[in-house]
Amino acid sequence: MTPVDKAHGPRTRRSTFGPALLAAAVALGLAAGCTGSRGSPPDKPGADRSPASSSSADSSPAPHPPPPGPVLAVKIDNAPDARPPTGLDAADVVYAEQVEGGLSRLMALYATKLPPAVGPVRSARESDLELLGQFTRPVLAFSGAQGKLLPLIDRAPLTAVTPEESSGAFHRGTDRPAPHNLFLRPRALVPSPPGAAALTTGFRYGAAPPGGTSEKARSVRFPAARFTFTWSPGRARWLVAMDGRASVTTGGRRVAAATVVVQYVTVRGSRFHDFLGNTTPYTQTVGSGRATVLRDGRAFDARWDRPAATDGTRFTTTDGAAMTFAPGQVWVVFAAAGGAAGDGSR
């Protein structure tokens, strides 16, 4: 059955490969790995050794570690009728972006662990292609896309998977109506977690930098959505709430982040529209600007910089030092630039 997205009408993706080619594409990603250099294959161990040196175990260089496989990115529905989410607490990174009508949608990245199911899965946007450019051949799971966007997805350097290409990786739930009931079985696409090395986001982790100000809670408002992050000293995490209600997964786990980034970006109209004629927002993640980083119960003023789509994002403190994140799940909320009044952040 073709998935339907009410915001855009029928969303299908013309299949360019079947299940066998999908498996080959994922295998290619596993072989290619996910490195920061993108496109430079690792040297083969011992490729430059002479016959004499290769005969001596003492002079043999240490073998290269196997390259990481592709990171898994899943587009997750975040409309009120789609909640609670499934598998969101297992993500390494969660991106929150604005979509039509001022609502929000999430992209969850999985590298260190794979939950049994993730969802509800929903449609892709043009902004996703730019955001995912920092990874090497990521696997993007989504329900479909607007027809005019499909050629861009087909040309993007990623493995795009919808129920049309891999029906066995998706299933429909029975606890809520379509289109909010499509779920992914991650291991059907990525057999094992690729590991933290696949997260070429540019994020740096470590002890908190000096400074910052004490922060109990921070809210970020989209035109028709609101995220609130409340510091829990007992859990050492920022508890996530959406539209004023605590975010709890279908498994009963409270969604909580170790680090929250409010990244101020340009949000402009894209070339695409929904079935009502509303312009689809485009969230521009290449460039530079300001950010607020929440960690350890404190808020830090920061700058972000991403020169090109193939680069990760570098965050720095006001004095130019690297801004470090607390180990654990990271949330990045893309807020419209233009000051606190423009995005309602407080």
# chains A, B, ... in the order shown; residues from 1 in each chain; ligands from 1
>>> select_by_dssp(residues="segment 114-159 of chain A", states="strand (DSSP E or B)", output="PyMOL selection string")
chain A and resi 118-119+121+139-141+159
>>> write_last_selection(atoms="all heavy atoms", output="short mmCIF file (atom, residue, chain, number, x, y, z; two decimals), in the first residue's frame")
data_model
loop_
_atom_site.label_atom_id
_atom_site.label_comp_id
_atom_site.auth_asym_id
_atom_site.auth_seq_id
_atom_site.Cartn_x
_atom_site.Cartn_y
_atom_site.Cartn_z
N VAL A 118 11.15 1.90 15.26
CA VAL A 118 11.24 3.36 15.30
C VAL A 118 10.04 3.92 14.55
O VAL A 118 9.66 3.41 13.49
CB VAL A 118 12.54 3.87 14.66
CG1 VAL A 118 12.53 5.40 14.58
CG2 VAL A 118 13.76 3.40 15.42
N GLY A 119 9.47 4.98 15.08
CA GLY A 119 8.38 5.61 14.36
C GLY A 119 7.56 6.54 15.22
O GLY A 119 7.94 6.81 16.36
N VAL A 121 7.05 6.74 11.19
CA VAL A 121 7.88 7.23 10.09
C VAL A 121 7.04 8.12 9.20
O VAL A 121 5.88 7.82 8.90
CB VAL A 121 8.46 6.05 9.29
CG1 VAL A 121 9.34 6.55 8.15
CG2 VAL A 121 9.25 5.12 10.21
N VAL A 139 21.84 5.87 5.47
CA VAL A 139 20.58 5.22 5.11
C VAL A 139 19.46 6.09 5.64
O VAL A 139 19.36 6.34 6.85
CB VAL A 139 20.49 3.80 5.69
CG1 VAL A 139 19.13 3.18 5.37
CG2 VAL A 139 21.61 2.92 5.14
N LEU A 140 18.61 6.60 4.76
CA LEU A 140 17.50 7.46 5.15
C LEU A 140 16.20 6.69 4.98
O LEU A 140 15.83 6.30 3.87
CB LEU A 140 17.47 8.72 4.28
CG LEU A 140 16.23 9.62 4.46
CD1 LEU A 140 16.12 10.13 5.89
CD2 LEU A 140 16.26 10.78 3.47
N ALA A 141 15.50 6.45 6.09
CA ALA A 141 14.21 5.77 6.06
C ALA A 141 13.11 6.82 6.20
O ALA A 141 13.12 7.62 7.13
CB ALA A 141 14.12 4.76 7.20
N THR A 159 21.41 6.33 0.77
CA THR A 159 20.56 5.20 0.42
C THR A 159 19.17 5.50 0.95
O THR A 159 18.94 5.48 2.16
CB THR A 159 21.10 3.89 1.03
OG1 THR A 159 22.42 3.65 0.55
CG2 THR A 159 20.21 2.72 0.64
#
>>> residues_around(residues="segment 172-186 of chain A", least_positions_apart="4", cutoff="10 Å", atoms="only C-alpha atoms", output="ChimeraX atom specification")
/A:3-7,72-74,76-83,85-87,110,113-122,141-143,162-163,167-168,190-193
>>> atom_distance(atom1="atom CA of Thr318 of chain A", atom2="atom CA of Phe229 of chain A")
22.7 Å
>>> closest_atom_pairs(of="segment 278-335 of chain A", to="segment 254-270 of chain A", cutoff="8 Å", atoms="only C-alpha atoms", output="tab-separated table")
residue	atom	partner	partner_atom	distance
A:Thr279	CA	A:Gly269	CA	5.9
A:Thr280	CA	A:Ser270	CA	5.6
A:Pro281	CA	A:Gly269	CA	4.7
A:Tyr282	CA	A:Ser270	CA	5.1
A:Thr283	CA	A:Val267	CA	4.6
A:Gln284	CA	A:Thr266	CA	5.4
A:Thr285	CA	A:Val265	CA	6.6
A:Ser288	CA	A:Val265	CA	7.9
A:Gly289	CA	A:Tyr264	CA	6.4
A:Arg290	CA	A:Tyr264	CA	5.8
A:Ala291	CA	A:Gln263	CA	4.5
A:Thr292	CA	A:Val262	CA	5.1
A:Val293	CA	A:Val261	CA	4.6
A:Leu294	CA	A:Val260	CA	5.0
A:Arg295	CA	A:Thr259	CA	4.9
A:Asp296	CA	A:Ala258	CA	7.7
A:Trp304	CA	A:Gln263	CA	7.6
A:Phe325	CA	A:Thr259	CA	6.0
A:Ala326	CA	A:Ala258	CA	5.7
A:Pro327	CA	A:Ala258	CA	6.5
A:Gly328	CA	A:Ala258	CA	5.1
A:Gln329	CA	A:Ala257	CA	5.0
A:Val330	CA	A:Thr259	CA	4.9
A:Trp331	CA	A:Val260	CA	4.8
A:Val332	CA	A:Val261	CA	4.7
A:Val333	CA	A:Val262	CA	5.0
A:Phe334	CA	A:Gln263	CA	5.1
A:Ala335	CA	A:Tyr264	CA	4.9
>>> select_by_dssp(residues="segment 56-280 of chain A", states="alpha helix (DSSP H)", output="list of chain:residue names")
A:Glu126, A:Ser127, A:Asp128, A:Leu129, A:Glu130, A:Leu131, A:Leu150, A:Pro151, A:Leu152, A:Ile153, A:Asp154, A:Arg155
